[in-house]
Each structure stands twice: as structure tokens, then as C-alpha cells.
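Asker: The following file, coords_38.cif, comprises mmCIF, C-alpha atoms:
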```cif
data_entry
#
loop_
_atom_site.label_atom_id
_atom_site.label_comp_id
_atom_site.auth_asym_id
_atom_site.auth_seq_id
_atom_site.Cartn_x
_atom_site.Cartn_y
_atom_site.Cartn_z
CA LEU U 1 0.00 0.00 0.00
CA GLN U 2 1.14 3.53 -0.76
CA TYR U 3 0.39 6.74 1.11
CA MET U 4 0.88 10.49 0.89
CA SER U 5 2.07 12.32 4.01
CA GLY U 6 0.93 15.45 5.76
CA PHE U 7 -1.93 16.48 8.05
CA GLY U 8 -4.65 18.59 6.42
CA ASN U 9 -2.67 19.01 3.20
CA GLU U 10 -4.11 19.71 -0.23
CA HIS U 11 -3.50 16.30 -1.81
CA ALA U 12 -4.12 15.08 -5.36
CA SER U 13 -4.15 11.45 -6.45
CA GLU U 14 -4.87 9.48 -9.62
CA ASP U 15 -5.03 5.73 -10.04
CA PRO U 16 -2.00 4.99 -12.29
CA ARG U 17 -4.26 2.92 -14.57
CA CYS U 18 -5.87 6.19 -15.71
CA PRO U 19 -3.22 8.92 -16.04
CA GLY U 20 -4.66 12.39 -16.49
CA ALA U 21 -7.93 11.52 -14.77
CA LEU U 22 -7.80 14.76 -12.74
CA PRO U 23 -9.22 17.68 -14.72
CA GLU U 24 -6.73 20.45 -15.34
CA GLY U 25 -7.43 23.98 -14.18
CA GLN U 26 -10.98 23.41 -12.90
CA ASN U 27 -13.02 21.14 -10.67
CA ASN U 28 -16.16 20.54 -12.71
CA PRO U 29 -15.59 20.52 -16.49
CA GLN U 30 -18.45 19.96 -18.90
CA VAL U 31 -16.98 16.52 -19.68
CA CYS U 32 -14.52 14.92 -17.25
CA PRO U 33 -11.58 12.82 -18.50
CA TYR U 34 -12.44 9.15 -19.15
CA GLY U 35 -16.15 9.99 -18.96
CA LEU U 36 -16.06 10.25 -15.16
CA TYR U 37 -18.53 12.08 -12.92
CA ALA U 38 -17.35 14.94 -10.68
CA GLU U 39 -18.64 14.86 -7.11
CA GLN U 40 -17.70 17.15 -4.22
CA LEU U 41 -17.57 15.87 -0.63
CA SER U 42 -17.87 18.82 1.78
CA GLY U 43 -16.60 18.50 5.34
CA SER U 44 -17.38 22.10 6.28
CA ALA U 45 -19.82 24.83 5.33
CA PHE U 46 -18.97 26.47 2.00
CA THR U 47 -18.41 29.80 3.76
CA CYS U 48 -16.04 28.64 6.49
CA PRO U 49 -12.77 30.61 6.64
CA ARG U 50 -10.10 29.21 4.36
CA ALA U 51 -8.09 27.84 7.31
CA THR U 52 -11.00 25.63 8.38
CA ASN U 53 -12.60 24.90 5.01
CA ARG U 54 -12.60 21.18 4.22
CA ARG U 55 -13.64 19.61 0.92
CA SER U 56 -12.47 17.12 -1.69
CA TRP U 57 -13.43 16.53 -5.32
CA LEU U 58 -13.94 12.90 -6.37
CA TYR U 59 -13.92 11.71 -10.00
CA ARG U 60 -15.88 8.48 -10.16
CA ILE U 61 -17.37 6.00 -12.58
CA LEU U 62 -20.89 6.55 -11.20
CA PRO U 63 -21.96 9.21 -8.68
CA SER U 64 -22.91 8.01 -5.22
CA VAL U 65 -26.51 9.18 -5.73
CA CYS U 66 -27.25 5.98 -7.71
CA HIS U 67 -28.88 3.78 -5.07
CA LYS U 68 -32.30 2.56 -3.95
CA PRO U 69 -34.04 4.31 -1.03
CA PHE U 70 -32.64 3.88 2.47
CA LYS U 71 -34.56 1.69 4.89
CA PRO U 72 -34.02 1.18 8.65
CA LEU U 73 -31.42 -1.45 9.51
CA GLU U 74 -31.95 -3.27 12.78
CA GLU U 75 -28.37 -4.26 13.40
CA GLY U 76 -25.60 -3.37 15.76
CA HIS U 77 -25.80 -1.91 19.21
CA LEU U 78 -25.50 1.82 18.59
CA THR U 79 -27.42 4.40 20.59
CA HIS U 80 -27.41 8.02 21.64
CA ASP U 81 -30.18 7.53 24.21
CA TRP U 82 -28.24 8.66 27.26
CA ASP U 83 -31.29 8.35 29.52
CA GLU U 84 -31.93 4.62 29.09
CA ILE U 85 -30.39 3.94 32.51
CA GLU U 86 -29.77 5.98 35.66
CA PRO U 87 -26.48 7.96 35.85
CA ASP U 88 -23.58 6.35 37.73
CA PRO U 89 -20.87 8.65 39.16
CA ASN U 90 -18.70 5.79 40.41
CA GLN U 91 -15.26 4.93 39.13
CA LEU U 92 -15.95 2.36 36.41
CA ARG U 93 -13.65 -0.24 34.94
CA TRP U 94 -14.33 -2.91 32.34
CA LYS U 95 -12.60 -6.22 31.82
CA PRO U 96 -11.49 -6.94 28.23
CA PHE U 97 -14.55 -6.94 26.00
CA GLU U 98 -15.35 -10.39 24.64
CA ILE U 99 -14.92 -11.13 20.94
CA PRO U 100 -17.57 -13.49 19.53
CA LYS U 101 -16.36 -16.79 18.14
CA ALA U 102 -16.76 -17.56 14.45
CA PRO U 103 -18.41 -19.33 12.72
CA GLN U 104 -21.06 -19.75 15.43
CA ASN U 105 -21.59 -15.98 15.64
CA LYS U 106 -20.22 -14.09 12.64
CA MET U 107 -19.92 -10.40 13.33
CA ASP U 108 -18.35 -7.69 11.18
CA PHE U 109 -17.30 -4.14 12.09
CA VAL U 110 -20.82 -2.70 11.79
CA SER U 111 -22.68 -5.44 13.64
CA GLY U 112 -19.88 -5.48 16.25
CA LEU U 113 -20.13 -1.78 17.15
CA HIS U 114 -21.40 -1.26 20.71
CA THR U 115 -21.96 2.16 22.27
CA LEU U 116 -20.38 2.32 25.73
CA CYS U 117 -20.97 5.94 26.75
CA GLY U 118 -21.42 9.44 25.40
CA ALA U 119 -23.18 12.79 25.61
CA GLY U 120 -24.82 15.30 23.32
CA GLU U 121 -27.00 14.79 20.30
CA PRO U 122 -26.08 14.28 16.64
CA ARG U 123 -28.99 16.36 15.32
CA GLY U 124 -27.70 19.35 17.30
CA ARG U 125 -24.16 18.70 15.98
CA ASN U 126 -22.60 18.76 19.43
CA GLY U 127 -21.49 15.69 21.33
CA ILE U 128 -19.41 12.55 21.40
CA ALA U 129 -19.88 8.80 21.70
CA ILE U 130 -17.40 6.10 22.68
CA HIS U 131 -17.92 2.71 21.07
CA ILE U 132 -16.28 -0.69 21.40
CA PHE U 133 -15.97 -2.86 18.30
CA VAL U 134 -15.56 -6.63 18.41
CA CYS U 135 -15.65 -8.63 15.19
CA ASN U 136 -14.46 -11.82 13.54
CA THR U 137 -15.43 -11.44 9.89
CA SER U 138 -14.92 -8.89 7.12
CA MET U 139 -17.50 -6.59 5.60
CA THR U 140 -18.45 -8.18 2.28
CA ASP U 141 -20.27 -6.14 -0.37
CA ARG U 142 -21.27 -3.53 2.14
CA CYS U 143 -19.88 -0.25 3.40
CA LEU U 144 -20.62 2.27 6.13
CA TYR U 145 -20.63 6.05 6.21
CA ASN U 146 -21.28 8.24 9.20
CA SER U 147 -23.61 11.20 8.61
CA ASP U 148 -23.34 12.21 12.27
CA GLY U 149 -19.63 12.85 12.70
CA ASP U 150 -16.06 11.58 12.57
CA PHE U 151 -14.77 8.17 13.70
CA LEU U 152 -11.36 7.93 15.35
CA ILE U 153 -10.60 4.19 15.33
CA VAL U 154 -8.09 2.59 17.72
CA PRO U 155 -7.47 -1.11 16.95
CA GLN U 156 -6.33 -3.10 19.98
CA GLN U 157 -6.26 -6.68 18.67
CA GLY U 158 -6.00 -7.63 15.00
CA LYS U 159 -5.19 -5.44 12.03
CA LEU U 160 -7.77 -3.65 9.88
CA LEU U 161 -7.57 -3.33 6.11
CA ILE U 162 -9.80 -0.32 5.51
CA THR U 163 -11.04 0.41 2.01
CA THR U 164 -12.29 3.96 1.45
CA GLU U 165 -13.38 6.03 -1.53
CA PHE U 166 -9.92 7.63 -1.40
CA GLY U 167 -7.95 4.35 -1.33
CA LYS U 168 -6.86 1.66 1.11
CA MET U 169 -5.20 1.85 4.54
CA LEU U 170 -3.76 -0.94 6.67
CA VAL U 171 -4.20 -0.02 10.34
CA GLU U 172 -2.57 -2.21 12.99
CA PRO U 173 -2.56 -2.06 16.80
CA ASN U 174 -0.49 0.94 17.94
CA GLU U 175 -1.81 2.85 14.93
CA ILE U 176 -4.99 4.91 14.68
CA CYS U 177 -7.07 6.13 11.77
CA VAL U 178 -9.71 8.81 11.30
CA ILE U 179 -12.64 8.35 8.93
CA GLN U 180 -14.27 11.74 8.63
CA GLN U 181 -17.97 12.50 8.29
CA GLY U 182 -19.59 11.15 5.14
CA MET U 183 -16.70 8.99 3.90
CA ARG U 184 -17.68 5.48 2.83
CA PHE U 185 -15.50 2.67 4.12
CA SER U 186 -15.35 -1.09 4.62
CA VAL U 187 -13.28 -3.04 7.15
CA GLU U 188 -11.55 -6.33 6.36
CA VAL U 189 -10.24 -8.33 9.32
CA PHE U 190 -8.01 -11.38 9.64
CA GLY U 191 -9.38 -13.14 12.70
CA GLU U 192 -10.67 -12.06 16.09
CA THR U 193 -10.48 -8.27 16.20
CA ARG U 194 -11.22 -5.66 18.86
CA GLY U 195 -10.77 -1.95 19.43
CA TYR U 196 -12.18 1.40 20.41
CA VAL U 197 -13.93 4.19 18.50
CA LEU U 198 -14.25 7.86 19.49
CA GLU U 199 -17.03 9.57 17.57
CA VAL U 200 -17.39 13.36 17.58
CA TYR U 201 -20.42 15.30 16.35
CA GLY U 202 -19.99 18.83 15.04
CA ALA U 203 -16.20 19.18 14.92
CA HIS U 204 -13.26 17.65 13.10
CA PHE U 205 -10.04 16.46 14.70
CA GLU U 206 -7.04 18.72 14.37
CA LEU U 207 -3.52 18.94 15.75
CA PRO U 208 -3.35 20.75 19.10
CA ASP U 209 -1.69 24.15 19.27
CA LEU U 210 1.87 23.96 20.61
CA GLY U 211 2.15 27.35 22.34
CA PRO U 212 5.50 27.74 24.13
CA ILE U 213 6.55 24.24 23.04
CA GLY U 214 7.35 25.90 19.73
CA ALA U 215 7.19 24.76 16.12
CA ASN U 216 7.94 21.04 16.63
CA GLY U 217 6.85 18.24 18.90
CA LEU U 218 3.98 15.96 19.88
CA ALA U 219 2.38 14.55 16.69
CA ASN U 220 4.21 16.03 13.73
CA PRO U 221 2.11 16.74 10.60
CA ARG U 222 4.46 14.84 8.27
CA ASP U 223 3.73 11.53 10.05
CA PHE U 224 0.03 11.42 9.12
CA LEU U 225 -0.60 9.25 6.06
CA VAL U 226 -3.36 9.55 3.45
CA PRO U 227 -4.26 6.74 1.00
CA VAL U 228 -3.81 7.01 -2.77
CA ALA U 229 -6.54 6.54 -5.37
CA CYS U 230 -7.35 2.91 -6.19
CA TYR U 231 -10.63 2.34 -7.99
CA GLU U 232 -12.90 -0.70 -8.34
CA ASP U 233 -14.97 -0.95 -11.51
CA ARG U 234 -17.07 -3.81 -10.17
CA GLN U 235 -20.70 -4.67 -10.72
CA VAL U 236 -22.54 -6.40 -7.87
CA PRO U 237 -25.66 -8.00 -9.37
CA GLY U 238 -26.71 -9.46 -6.02
CA GLY U 239 -26.73 -5.98 -4.51
CA TYR U 240 -24.19 -3.89 -2.67
CA THR U 241 -25.36 -2.53 0.72
CA VAL U 242 -24.57 1.05 1.66
CA ILE U 243 -25.13 1.65 5.38
CA SER U 244 -25.68 5.16 6.70
CA LYS U 245 -25.38 6.10 10.36
CA TYR U 246 -27.89 8.94 10.46
CA GLN U 247 -29.18 10.67 13.61
CA GLY U 248 -27.78 7.82 15.68
CA LYS U 249 -29.53 5.02 13.78
CA LEU U 250 -28.51 2.74 10.92
CA PHE U 251 -30.14 2.72 7.49
CA ALA U 252 -29.33 0.55 4.46
CA ALA U 253 -29.67 1.16 0.73
CA GLN U 254 -28.96 -1.18 -2.16
CA GLN U 255 -26.99 -0.50 -5.33
CA ASP U 256 -25.55 -2.75 -8.02
CA TYR U 257 -21.96 -1.46 -8.11
CA SER U 258 -19.00 -0.93 -5.80
CA PRO U 259 -18.86 2.52 -4.14
CA TYR U 260 -15.06 2.45 -4.41
CA ASN U 261 -15.19 3.58 -8.03
CA VAL U 262 -13.18 6.78 -7.53
CA VAL U 263 -10.49 6.97 -10.22
CA ALA U 264 -8.96 10.25 -9.02
CA TRP U 265 -9.47 12.85 -6.31
CA HIS U 266 -8.02 16.06 -4.91
CA GLY U 267 -8.66 18.11 -1.78
CA ASN U 268 -7.94 18.44 1.93
CA TYR U 269 -10.82 16.37 3.32
CA THR U 270 -9.52 12.81 3.51
CA PRO U 271 -9.23 9.75 5.73
CA TYR U 272 -5.83 9.37 7.38
CA LYS U 273 -3.79 7.17 9.71
CA TYR U 274 -0.98 7.71 12.24
CA HIS U 275 1.48 5.43 14.05
CA LEU U 276 1.64 6.20 17.78
CA GLU U 277 5.37 5.41 17.93
CA LYS U 278 5.94 8.59 15.88
CA PHE U 279 4.76 10.76 18.78
CA MET U 280 7.50 13.10 20.08
CA VAL U 281 7.06 12.98 23.84
CA ILE U 282 7.46 16.16 25.91
CA ASN U 283 8.02 15.66 29.65
CA ALA U 284 9.17 17.28 32.91
CA VAL U 285 12.94 17.10 33.43
CA ALA U 286 13.31 18.82 36.81
CA PHE U 287 10.44 18.21 39.25
CA ASP U 288 6.68 17.67 39.43
CA HIS U 289 4.39 16.74 36.53
CA ALA U 290 3.52 18.58 33.40
CA ASP U 291 -0.22 18.28 32.80
CA PRO U 292 -1.25 15.22 30.74
CA SER U 293 -2.35 17.59 27.95
CA ILE U 294 1.28 17.38 26.76
CA PHE U 295 0.40 13.90 25.47
CA THR U 296 -2.45 15.10 23.19
CA VAL U 297 -2.28 13.63 19.68
CA LEU U 298 -5.50 15.08 18.23
CA THR U 299 -8.17 17.44 19.50
CA ALA U 300 -11.72 18.33 18.47
CA LYS U 301 -12.29 21.85 19.71
CA THR U 302 -15.36 23.63 21.03
CA THR U 303 -16.06 27.33 20.52
CA ARG U 304 -14.55 28.00 23.96
CA ALA U 305 -10.81 28.56 23.74
CA GLY U 306 -8.83 25.72 25.29
CA VAL U 307 -11.89 23.53 25.98
CA ALA U 308 -12.13 20.37 23.90
CA LEU U 309 -15.17 18.49 22.78
CA ALA U 310 -12.75 15.56 22.80
CA ASP U 311 -9.00 15.05 23.09
CA PHE U 312 -7.15 11.89 22.08
CA VAL U 313 -4.24 11.48 24.50
CA ILE U 314 -1.63 8.71 24.71
CA PHE U 315 0.84 7.61 27.41
CA PRO U 316 3.78 6.25 25.41
CA PRO U 317 7.15 4.83 26.53
CA ARG U 318 9.38 7.63 27.86
CA TRP U 319 12.00 8.55 30.47
CA GLY U 320 11.05 9.56 34.01
CA VAL U 321 13.70 11.81 35.59
CA ALA U 322 11.88 14.22 37.90
CA ASN U 323 13.60 14.85 41.24
CA ASN U 324 11.82 14.76 44.60
CA THR U 325 8.61 13.84 42.79
CA PHE U 326 5.91 11.20 43.09
CA ARG U 327 6.24 10.04 39.51
CA PRO U 328 3.06 8.07 38.71
CA PRO U 329 -0.12 10.04 37.95
CA TYR U 330 -1.29 11.99 40.98
CA TYR U 331 -4.68 11.73 42.68
CA HIS U 332 -7.11 13.86 40.79
CA ARG U 333 -10.63 15.22 40.46
CA ASN U 334 -11.36 16.68 37.05
CA CYS U 335 -13.99 18.92 35.47
CA MET U 336 -13.54 16.77 32.33
CA SER U 337 -14.61 13.16 31.69
CA GLU U 338 -11.79 10.63 31.21
CA PHE U 339 -12.18 7.31 29.39
CA MET U 340 -9.02 5.21 29.28
CA GLY U 341 -8.16 2.17 27.20
CA LEU U 342 -5.10 -0.04 26.97
CA ILE U 343 -3.71 -1.26 23.66
CA LYS U 344 -0.86 -3.33 25.13
CA GLY U 345 1.27 -3.77 28.24
CA HIS U 346 0.60 -2.65 31.83
CA TYR U 347 -0.50 0.85 32.76
CA GLU U 348 1.89 2.33 35.34
CA ALA U 349 -0.74 3.49 37.84
CA LYS U 350 -2.67 0.20 37.87
CA GLU U 351 -0.58 -2.76 36.80
CA GLU U 352 -3.29 -5.21 37.88
CA GLY U 353 -6.92 -5.17 36.79
CA PHE U 354 -6.61 -2.67 33.94
CA GLN U 355 -6.05 -4.95 30.96
CA PRO U 356 -5.57 -4.59 27.19
CA GLY U 357 -8.96 -4.55 25.49
CA GLY U 358 -10.71 -3.25 28.60
CA GLY U 359 -11.33 0.30 29.75
CA SER U 360 -12.13 2.68 32.57
CA LEU U 361 -14.27 5.79 32.97
CA HIS U 362 -13.68 8.47 35.59
CA SER U 363 -16.55 10.90 35.33
CA MET U 364 -16.63 14.59 36.12
CA MET U 365 -15.26 15.29 39.60
CA THR U 366 -15.08 11.58 40.45
CA PRO U 367 -11.76 11.07 42.29
CA HIS U 368 -9.21 8.68 40.85
CA GLY U 369 -5.51 7.95 40.88
CA PRO U 370 -2.93 5.22 41.48
CA ASP U 371 -3.94 2.12 43.39
CA ALA U 372 -2.57 1.41 46.86
CA ASP U 373 0.24 -0.84 45.65
CA CYS U 374 1.46 1.73 43.13
CA PHE U 375 1.39 4.50 45.76
CA GLU U 376 3.44 2.53 48.28
CA LYS U 377 6.06 1.49 45.72
CA ALA U 378 6.42 4.95 44.18
CA SER U 379 6.64 6.66 47.58
CA LYS U 380 9.64 4.51 48.56
CA ALA U 381 11.36 4.15 45.19
CA LYS U 382 14.92 5.36 44.65
CA LEU U 383 14.63 8.27 42.26
CA GLU U 384 16.89 7.48 39.35
CA PRO U 385 16.33 8.02 35.63
CA GLU U 386 14.02 5.19 34.59
CA ARG U 387 12.12 4.04 31.56
CA VAL U 388 8.37 4.42 31.98
CA ALA U 389 5.76 2.38 30.10
CA ASP U 390 8.16 0.32 27.97
CA GLY U 391 6.12 -2.18 25.97
CA THR U 392 2.92 -0.34 26.90
CA MET U 393 0.49 1.97 25.15
CA ALA U 394 -2.41 3.39 27.12
CA PHE U 395 -4.66 6.14 25.79
CA MET U 396 -7.38 8.49 26.96
CA PHE U 397 -10.47 9.98 25.35
CA GLU U 398 -11.06 13.15 27.38
CA SER U 399 -14.13 15.34 26.96
CA SER U 400 -15.61 18.50 28.43
CA LEU U 401 -19.00 16.76 28.31
CA SER U 402 -20.47 14.73 31.16
CA LEU U 403 -20.70 11.20 29.76
CA ALA U 404 -23.60 8.82 30.36
CA VAL U 405 -22.97 5.07 30.25
CA THR U 406 -25.33 2.88 28.24
CA LYS U 407 -27.26 -0.11 29.47
CA TRP U 408 -24.94 -2.29 27.38
CA GLY U 409 -21.93 -0.80 29.18
CA LEU U 410 -23.33 -1.19 32.68
CA GLN U 411 -25.28 -4.43 32.34
CA THR U 412 -25.58 -6.27 29.03
CA SER U 413 -21.88 -6.53 28.22
CA ASN U 414 -21.29 -8.26 31.57
CA ARG U 415 -17.73 -6.90 31.57
CA LEU U 416 -18.04 -4.29 34.33
CA ASP U 417 -15.53 -4.89 37.14
CA LYS U 418 -17.66 -4.42 40.23
CA ASN U 419 -14.62 -4.69 42.51
CA TYR U 420 -12.75 -1.78 40.96
CA TYR U 421 -13.21 0.46 44.00
CA LYS U 422 -11.35 -2.06 46.15
CA CYS U 423 -7.98 -1.17 44.61
CA TRP U 424 -7.99 2.00 46.77
CA GLU U 425 -9.26 0.42 50.02
CA PRO U 426 -5.76 -0.56 51.29
CA LEU U 427 -4.65 3.12 51.22
CA LYS U 428 -3.83 4.13 54.79
CA SER U 429 -3.04 7.33 56.61
CA HIS U 430 0.64 8.22 56.97
CA PHE U 431 -0.12 11.43 58.85
CA ASN U 432 2.17 12.23 61.78
CA PRO U 433 1.80 15.73 63.27
CA LYS U 434 5.22 15.39 64.95
CA CYS U 435 7.09 14.64 61.72
CA LYS U 436 7.34 17.43 59.16
#
```
Show the structure stored in the file as C-alpha cells.
Answerer:
Amino acid sequence: LQYMSGFGNEHASEDPRCPGALPEGQNNPQVCPYGLYAEQLSGSAFTCPRATNRRSWLYRILPSVCHKPFKPLEEGHLTHDWDEIEPDPNQLRWKPFEIPKAPQNKMDFVSGLHTLCGAGEPRGRNGIAIHIFVCNTSMTDRCLYNSDGDFLIVPQQGKLLITTEFGKMLVEPNEICVIQQGMRFSVEVFGETRGYVLEVYGAHFELPDLGPIGANGLANPRDFLVPVACYEDRQVPGGYTVISKYQGKLFAAQQDYSPYNVVAWHGNYTPYKYHLEKFMVINAVAFDHADPSIFTVLTAKTTRAGVALADFVIFPPRWGVANNTFRPPYYHRNCMSEFMGLIKGHYEAKEEGFQPGGGSLHSMMTPHGPDADCFEKASKAKLEPERVADGTMAFMFESSLSLAVTKWGLQTSNRLDKNYYKCWEPLKSHFNPKCK
């Protein structure tokens, strides 16, 4: 597979089987090369400022309007009904989510999507949802597009071969990809597969501002990869299913051709992927902690400066060198909501219980922090330069919204760890008024 590099760039790509497929000097000629149709995919309002305007032009064998009417599709476990169960302010942790066994229970990416928690409303274009996907079979002659928002996909087990209208991407654990609003895609898997999805309504992901960090650091724009054009001219007499996620529900329409019939495209509104090992870590080198915002890979902003609808944050391998400092994450109460997942390894603040393929949610102002064992070890450790999180990759979806957990998350999944709170019970008082 080939890619072009750069975040938010103006890219142009032609399938090499049809050189010159991109029109010269204009977007919408009277007759396109090779008899193609011109179709614009808009990711922003036409009148957005140039810096935030997102659109791409696709040159395809048939326009995407050629399909039968959409009908409701009763499949999957998606919801944005945040009132289906009473709120729960407790610290929540989930054991690894179970992957169904094939062939007894075949499940692809769409049927394996389960909404865990979220807030907001897609019709109002403001909110987020966090989903878990578990699947064991590939999407065959069907694709999905999300009318509600963007998908940030984090595979944890098994690689994903993702076909899009713009080309193909191979996304493996320790990589992420973003499929932006309206882009059609299919997921091919190679066995039991699991991961996480952060969905945002009403904003697109962008690189965080660096401020006094300067011009370089964190996720560098050059390391984001965009697929190249690769068309399918394939008829599907038995019917190809196009699935739309619209206002939180799924709908399906039939057509008799592959939607991946884009011969060439250009623009700045594309799917993309990123390898988490490319992240340039910034850290404290004297004492105390820098805030975990220094680990932000991507952010979806709100209209309030510095307040995110959602941040995607990682905790990669790095050096810990701070003097006279309790080095693991400190005890904390936050005005934001924090969902954490683990791709591989052991998270430093909770080496037991928090497992790859599981997750945790610490809601607004719910206290959290290292377990008792971690606190005792870190309080007595000899402070030398040490490697932190080698062989590990934990991440966080952080949001300014107060997240509600679904019935599937609290009950149906049967993966909630009801003993999570016990990891803090052994904490004891060390207070001695006679010892400063």
C-alpha cells in the first residue's frame, strides 16, 4: 500500500491505470476525463474561513446518488439515548470486551459496534460517543458512512484493512485512523479483532496548538498518512449494501456497483492514519508533573478557547527523571470526563486489573488515581532516571461533556468490574503531626 504524508494538506491522487484523470485547471468541467462524474464531498460549510474549510473533489465512474431508497437497519448496538439507565458517578472499569467466536456468531465491524458511553446529540451537531468494536469477519459487499460525525478508530487486537473512496489503509494495533464524516469505508479483518472508537459530532479532529513548546513536537504533521486513489470498476448484481449512520440510527440502501469507483481525487478532506510510535514525547525534566495535555495527539475543539469536545491522548514509553517527585499520575478530580483504554502492556498506575482490550471511565469530579500498591512502591522508590511504560500503550479519550454510560456498558456486556473500588481500600493514613 502507498500513502501520501501530511496532516490537512491539499492532496491530489490518480489511479495509475488512468493517467490524467484529474481535470486540469478546474473542478467541474463539462466533460470529465475518461467519462467520469465529478462529485464534491464537503466537510465544512462552503463559507467557512479558508483555514477551516474542508472539501475534496472525487472523480468516479458513477456518482454516489445511484442507489435505492434507504430503509431502517436493525443491526448493531448503537445508541445516543443517554437516559436509558440511571447515571452512575462511580469509578468504572471494564474487563477486556469479549470477541464473539466464528463461525457460530459471525460479526463484522458494523454489527460489532457497541456504544459504551457518550453525551450530546447528533442532530444538534454537538457531542461525542465512545464505542467498542468486536468482530471476527470482514464486511463483504457492504460499506458504512457516518452522517453524524467523525470516527477515530483505535485497533487493539487484530489489524484492519480499511477500504475507502480515497484508497486503502492498513491499520494495525499501535496505529490509529480517522474516517471523517460522510466517507464510505469497509473493514476487512483477519481473525478475532477488537478496538475502540471515538465519535465526535460537530467538529473535526485537528492537531493541538503547541504554544510555548514551539514549532515542533507531539504529533508532527508529516507523520500522518493519506491513501492514494485505487478504484474498483465492479458490478454487484446481487446488490451492494450502503449503510448510513444517520441521527444515531442505521439505514441501508442497495446499489448494483462498488462505491469504491473513484479513479482520481483532490482536496484536503480525507481519511488518514498515524502510528503512535511517531509521537514526540514532551516531559518534565526537573520536578513535578507537566499536565497530561502534553500527550495530546489530536483534539476536536469547542467554541470556547482551550476547551475540547474531545482530546485523544496517549501515554507512550518515555523517560522519568523528575527529582523529589511522586512520579506516577497523581490523585485527581477533574472537570472533564476521562475514558481510558489499553492497547498493550501494563499501565503504570494500575498494573493489575486494567487490561488490554478493557477500559475505565472516571466521570466529572469523580476522584481517581494510582492504586494502593502503586502508591506505596512509588513513595519509597529510589529516584533514578528510569524508563516508563516500555512495551505499553495506554490512551485516553477526554471530553468536556459529562458522559452517560449505556445499558450495554453497565449491564448487558457483563464486563463491568464491580470490585474496581477495592484497589484504593488498602490506602492508609501516613499522617504524623510530629514529623514534618
Asker: By how many Å are atom CA of Ala394 of chain U and atom CA of Ile314 of chain U apart?
Answerer: 5.9 Å
Asker: Could you tell me how far atom CA of Met364 of chain U lies from atom CA of Pro96 of chain U, in Å and to one decimal?
Answerer: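 One can read the atom CA of Met364 of chain U to atom CA of Pro96 of chain U distance as 23.5 Å.
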Asker: What do you get, as a ChimeraX atom specification, if you spell out every residue that the PyMOL selection byres ((chain U and resi 165) around 8) selects here?
Answerer: /U:163-164,166-167,183-185,229,231,259-262
Asker: Show me, as a list in words, the residues that have an atom within 8 Å of segment 60-74 of chain U when counting all atoms listed in the file, minus same-chain residues fewer than 5 positions from it.
Answerer: Gly35, Leu36, Tyr37, Ala38, Glu39, Asp233, Lys249, Leu250, Phe251, Ala252, Ala253, Gln254, Gln255, Asp256, Pro259, Asn261, Val262, Val263 and Ala264 of chain U
Asker: Choose the residue, out of U:Pro227, U:Gly195, U:Pro385, U:Gly211, that has the smallest atom-to-atom separation from Val321 of chain U; count all atoms listed in the file.
Answerer: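 Among the listed residues, the smallest separation from Val321 of chain U belongs to U:Pro385.
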Asker: To test your reading of the syntax: which residues would the PyMOL selection byres ((chain U and resi 242) around 7) return for the file shown? Reply as number ranges by chain.
Answerer: U: 142-144, 240-241, 243-244, 252-254
Asker: Which residue, U:Gly345, U:Gly353, U:Gly409, U:Pro49, has the smallest gap to Asn174 of chain U when you use all atoms listed in the file?
Answerer: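 Among the listed residues, U:Gly345 lies closest to Asn174 of chain U.
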Asker: Point out the residue among U:Asn9, U:Gln355, U:Thr270, U:Ser400 with the least atom-to-atom distance to Val228 of chain U, counting all atoms listed in the file.
Answerer: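 The closest residue to Val228 of chain U is U:Thr270.
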Asker: Which of these residues is nearest to Ser413 of chain U, using only C-alpha atoms: U:Asp83, U:Glu338, U:Glu376, U:Glu98?
Answerer: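 Between U:Asp83, U:Glu338, U:Glu376, U:Glu98, the residue approaching Ser413 of chain U most closely is U:Glu98.
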Asker: Taking only C-alpha atoms into account, name the residue in U:Val313, U:Met139, U:Val236, U:Cys423 that is nearest to Leu342 of chain U.
Answerer: U:Val313
Asker: Name the residues captured by the PyMOL selection byres ((chain U and resi 116-127) around 8) when it is applied to the shown file; answer as an MDAnalysis selection string.
Answerer: chainID U and resid 80 82 114:115 128:132 148:149 200:203 247:248 309 401:406 408:409
Asker: Which residue, U:Glu348, U:Asp371, U:Glu384, U:Asp150, has the smallest gap to Trp424 of chain U when you use all atoms listed in the file?
Answerer: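 Among the listed residues, U:Asp371 lies closest to Trp424 of chain U.
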Asker: Work out how far apart atom CA of Gln156 of chain U and atom CA of Ala378 of chain U are and give it in Å to one decimal.
Answerer: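 Taking atom CA of Gln156 of chain U and atom CA of Ala378 of chain U, their separation equals 28.5 Å.
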